[in-house]
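A short write-up of the structure that comes next.
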Amino acid sequence: MPLQDHWNSLYQKAQTDRLGWYESLPQPSLDLIEACGLPKDARIFHAGAGASTLVDALLEAGYSGQIACDISAEALQKVQDRLGAEAGKVAWIVDDLTQPAQLKDLAPVHLWHDRAVLHFFTEEKDQQTYFDLLRQLLQPGGYAILATYNLRGVERCAGLPVKRYDASLLTEKLGPGFQLRQAFDFTYHMPSGEERPYVYTVFQR
Ligand SMILES: C[S@@+](CC[C@H](N)C(=O)[O-])C[C@H]1O[C@@H](n2cnc3c(N)ncnc32)[C@H](O)[C@@H]1O
């Protein structure tokens, strides 16, 4: 099944709050974004936003420059339906981070946020494209928040294989010119109650 159809069908089949990556309040991401100290009109790019409540929480906190991208139009539609008129305050892009089309023409961003997306790119060439795009889009001085399964994480998720990381592997992938500002392990509890170990990292360019 093509990747886009795979993700669309997951979002069609389950209620958002039953998805195995749902967070009612994405607290670790929110805390890390606040700590970056960006102005409220900063351009915040969600790489694989899915149906995450982070977009809602950042709107609530007054951030007006969000760009939500995902390969699944279904996922983004769920957030738009939830937000109603507020959805007009966010830019929405359906695109593939491993074969970017529209994304290549995006203006630079101040923050790149990815939770639980990068680890699905198990092919070296897809990782390369992802990090090339990040380096193309992130402004000097900007931040990249990357949260993935850590080295104790599961080997498959959402029916797909995953690649697990730690802070030093991520540092290596980003290459020179990025400073690691923060890194910590975080245990996420799925709606089923199962635990999933993540690593959260913040880099500054
Ligand atoms: C596990 S979900 C995480 C969603 C969101 N970041 C969150 O924390 O709730 C992974 C997301 O990555 C998206 N995705 C997977 N492959 C992608 C790709 N190649 N390009 C863009 N998005 C992709 C999926 O559609 C899905 O929404």
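Naming scheme: A, B, ... for chains in displayed order of the structure tokens; residues 1 onward per chain; ligands 1 onward as shown.
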
Sorted per-residue table, chain A near ligand 1, closest atoms and distance, 8 Å, only C-alpha atoms and all ligand atoms, as JSON lines:
```
{"residue": "A:Leu3", "atom": "CA", "partner": "ligand 1", "partner_atom_place_in_ligand_line": "16 (N)", "distance": 6.9}
{"residue": "A:Gln4", "atom": "CA", "partner": "ligand 1", "partner_atom_place_in_ligand_line": "25 (O)", "distance": 7.1}
{"residue": "A:Trp7", "atom": "CA", "partner": "ligand 1", "partner_atom_place_in_ligand_line": "25 (O)", "distance": 4.8}
{"residue": "A:Asn8", "atom": "CA", "partner": "ligand 1", "partner_atom_place_in_ligand_line": "25 (O)", "distance": 6.9}
{"residue": "A:Gly20", "atom": "CA", "partner": "ligand 1", "partner_atom_place_in_ligand_line": "1 (C)", "distance": 7.4}
{"residue": "A:Trp21", "atom": "CA", "partner": "ligand 1", "partner_atom_place_in_ligand_line": "1 (C)", "distance": 5.4}
{"residue": "A:Tyr22", "atom": "CA", "partner": "ligand 1", "partner_atom_place_in_ligand_line": "9 (O)", "distance": 5.5}
{"residue": "A:Glu23", "atom": "CA", "partner": "ligand 1", "partner_atom_place_in_ligand_line": "9 (O)", "distance": 6.9}
{"residue": "A:Pro26", "atom": "CA", "partner": "ligand 1", "partner_atom_place_in_ligand_line": "8 (O)", "distance": 7.9}
{"residue": "A:His46", "atom": "CA", "partner": "ligand 1", "partner_atom_place_in_ligand_line": "6 (N)", "distance": 7.4}
{"residue": "A:Ala47", "atom": "CA", "partner": "ligand 1", "partner_atom_place_in_ligand_line": "21 (C)", "distance": 6.6}
{"residue": "A:Gly48", "atom": "CA", "partner": "ligand 1", "partner_atom_place_in_ligand_line": "22 (N)", "distance": 4.0}
{"residue": "A:Ala49", "atom": "CA", "partner": "ligand 1", "partner_atom_place_in_ligand_line": "6 (N)", "distance": 4.3}
{"residue": "A:Gly50", "atom": "CA", "partner": "ligand 1", "partner_atom_place_in_ligand_line": "27 (O)", "distance": 3.2}
{"residue": "A:Ala51", "atom": "CA", "partner": "ligand 1", "partner_atom_place_in_ligand_line": "9 (O)", "distance": 5.8}
{"residue": "A:Ser52", "atom": "CA", "partner": "ligand 1", "partner_atom_place_in_ligand_line": "9 (O)", "distance": 4.1}
{"residue": "A:Thr53", "atom": "CA", "partner": "ligand 1", "partner_atom_place_in_ligand_line": "9 (O)", "distance": 7.3}
{"residue": "A:Leu54", "atom": "CA", "partner": "ligand 1", "partner_atom_place_in_ligand_line": "8 (O)", "distance": 7.8}
{"residue": "A:Cys69", "atom": "CA", "partner": "ligand 1", "partner_atom_place_in_ligand_line": "21 (C)", "distance": 6.6}
{"residue": "A:Asp70", "atom": "CA", "partner": "ligand 1", "partner_atom_place_in_ligand_line": "22 (N)", "distance": 3.9}
{"residue": "A:Ile71", "atom": "CA", "partner": "ligand 1", "partner_atom_place_in_ligand_line": "21 (C)", "distance": 4.0}
{"residue": "A:Ser72", "atom": "CA", "partner": "ligand 1", "partner_atom_place_in_ligand_line": "25 (O)", "distance": 4.6}
{"residue": "A:Ala75", "atom": "CA", "partner": "ligand 1", "partner_atom_place_in_ligand_line": "27 (O)", "distance": 6.1}
{"residue": "A:Val94", "atom": "CA", "partner": "ligand 1", "partner_atom_place_in_ligand_line": "21 (C)", "distance": 7.6}
{"residue": "A:Asp95", "atom": "CA", "partner": "ligand 1", "partner_atom_place_in_ligand_line": "21 (C)", "distance": 5.9}
{"residue": "A:Asp96", "atom": "CA", "partner": "ligand 1", "partner_atom_place_in_ligand_line": "20 (N)", "distance": 3.6}
{"residue": "A:Leu97", "atom": "CA", "partner": "ligand 1", "partner_atom_place_in_ligand_line": "20 (N)", "distance": 3.9}
{"residue": "A:Thr98", "atom": "CA", "partner": "ligand 1", "partner_atom_place_in_ligand_line": "19 (N)", "distance": 5.0}
{"residue": "A:Gln99", "atom": "CA", "partner": "ligand 1", "partner_atom_place_in_ligand_line": "19 (N)", "distance": 7.2}
{"residue": "A:Asp114", "atom": "CA", "partner": "ligand 1", "partner_atom_place_in_ligand_line": "6 (N)", "distance": 5.9}
{"residue": "A:Arg115", "atom": "CA", "partner": "ligand 1", "partner_atom_place_in_ligand_line": "6 (N)", "distance": 4.5}
{"residue": "A:Ala116", "atom": "CA", "partner": "ligand 1", "partner_atom_place_in_ligand_line": "3 (C)", "distance": 4.7}
{"residue": "A:Val117", "atom": "CA", "partner": "ligand 1", "partner_atom_place_in_ligand_line": "12 (O)", "distance": 4.5}
{"residue": "A:Leu118", "atom": "CA", "partner": "ligand 1", "partner_atom_place_in_ligand_line": "12 (O)", "distance": 7.8}
{"residue": "A:Phe120", "atom": "CA", "partner": "ligand 1", "partner_atom_place_in_ligand_line": "16 (N)", "distance": 6.5}
{"residue": "A:Phe121", "atom": "CA", "partner": "ligand 1", "partner_atom_place_in_ligand_line": "19 (N)", "distance": 7.4}
{"residue": "A:Cys157", "atom": "CA", "partner": "ligand 1", "partner_atom_place_in_ligand_line": "1 (C)", "distance": 7.8}
{"residue": "A:Ala158", "atom": "CA", "partner": "ligand 1", "partner_atom_place_in_ligand_line": "1 (C)", "distance": 7.1}
```

Task: strand (DSSP E) residues, from DSSP on the backbone, in chain A, as a ChimeraX atom specification - done: /A:44-47,66-70,91-94,109-115,138-149,156-157,160-161,179-189,195-204

Task: Top pick for closest residue to Leu133 of chain A, considering A:Val202, A:His189, A:Phe45, A:Leu58 and counting only C-alpha atoms - done: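 With only C-alpha atoms as the atom set, the closest residue is A:Phe45.
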
TODO: Extract, using only C-alpha atoms, all DNA, RNA and protein residues at most 8 Å from Val90 of chain A, discarding same-chain residues fewer than 4 positions from it, and format them as a PyMOL selection string.
DONE: chain A and resi 64-68+86

- [ ] Run DSSP on the backbone and give me the residues of segment 70-128 of chain A it puts in alpha helix (DSSP H), as a list of chain:residue names.
- [x]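 Alpha helix (DSSP H) assignments inside segment 70-128 of chain A correspond to A:Ala73, A:Glu74, A:Ala75, A:Leu76, A:Gln77, A:Lys78, A:Val79, A:Gln80, A:Asp81, A:Arg82, A:Leu83, A:Glu124, A:Lys125, A:Asp126, A:Gln127, A:Gln128.
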
For the selection just defined, write its residues with C-alpha atoms to a file, as a compact mmCIF listing (two decimals), in the first residue's frame.
```
# COMPACT_ATOMS: atom_id res chain seq x y z
CA ALA A 73 -4.58 14.88 4.36
CA GLU A 74 -6.95 12.94 6.66
CA ALA A 75 -4.82 13.76 9.69
CA LEU A 76 -4.63 17.47 8.94
CA GLN A 77 -8.37 17.56 8.21
CA LYS A 78 -9.02 16.22 11.71
CA VAL A 79 -7.11 19.13 13.24
CA GLN A 80 -8.84 21.62 10.95
CA ASP A 81 -12.28 20.24 11.92
CA ARG A 82 -11.35 20.44 15.59
CA LEU A 83 -10.11 24.03 15.28
CA GLU A 124 19.31 6.06 4.34
CA LYS A 125 18.20 8.08 1.28
CA ASP A 126 14.97 9.15 3.02
CA GLN A 127 16.91 10.26 6.11
CA GLN A 128 19.26 12.19 3.86
```

- [ ] Please provide as a list in words all residues within 7 Å of Asp166 of chain A, with the sequence filter that same-chain residues fewer than 6 positions apart are discarded (counting only C-alpha atoms).
- [x]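 The contact residues come out as Asn150, Leu151 and Val199 of chain A.
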
Save the residues we just selected, N, CA and C atoms, as a PDB file, in the first residue's frame?
```
ATOM      1  N   ASN A 150      13.741   6.062  21.379  1.00  0.00           N
ATOM      2  CA  ASN A 150      15.147   5.961  21.774  1.00  0.00           C
ATOM      3  C   ASN A 150      15.643   4.529  21.568  1.00  0.00           C
ATOM      4  N   LEU A 151      16.874   4.290  21.947  1.00  0.00           N
ATOM      5  CA  LEU A 151      17.495   3.003  21.608  1.00  0.00           C
ATOM      6  C   LEU A 151      16.819   1.821  22.320  1.00  0.00           C
ATOM      7  N   VAL A 199      13.340   9.693  22.982  1.00  0.00           N
ATOM      8  CA  VAL A 199      14.366  10.675  23.325  1.00  0.00           C
ATOM      9  C   VAL A 199      13.906  12.007  22.733  1.00  0.00           C
TER      10      VAL A 199
END
```

- [ ] Would you list the contacts of Tyr188 of chain A as a PyMOL selection string, taking every protein, DNA or RNA residue within 9 Å and counting only C-alpha atoms, but skipping same-chain residues closer than 5 positions in sequence?
- [x] chain A and resi 21+23+194-198

- [ ] Would you work out the distance separating atom CA of Gln102 of chain A from atom CA of Gln139 of chain A, expressed in Å to one decimal?
- [x]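 Those two atoms sit 18.2 Å apart.
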
TODO: Would you please work out which residue, of A:His6, A:Arg156, A:Leu138, A:Asp132, is nearest to Gln204 of chain A when using only C-alpha atoms?
DONE: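 Closest to Gln204 of chain A, using only C-alpha atoms: A:Leu138.
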
- [ ] Would you work out the distance separating atom CA of Ala85 of chain A from atom CA of Asp17 of chain A, expressed in Å to one decimal?
- [x]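 Result for atom CA of Ala85 of chain A versus atom CA of Asp17 of chain A: 21.5 Å, one decimal.
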
Open item on the list: Using only C-alpha atoms, can you tell me which of A:Ile145, A:Leu10, A:Leu106, A:Leu180 comes closest to Asp31 of chain A?
Closed with: A:Ile145

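Among the candidates A:Leu146, A:Val154, A:Leu160, A:Ala57, the residue lying nearest to Lys173 of chain A is A:Leu146 (atoms considered: only C-alpha atoms).
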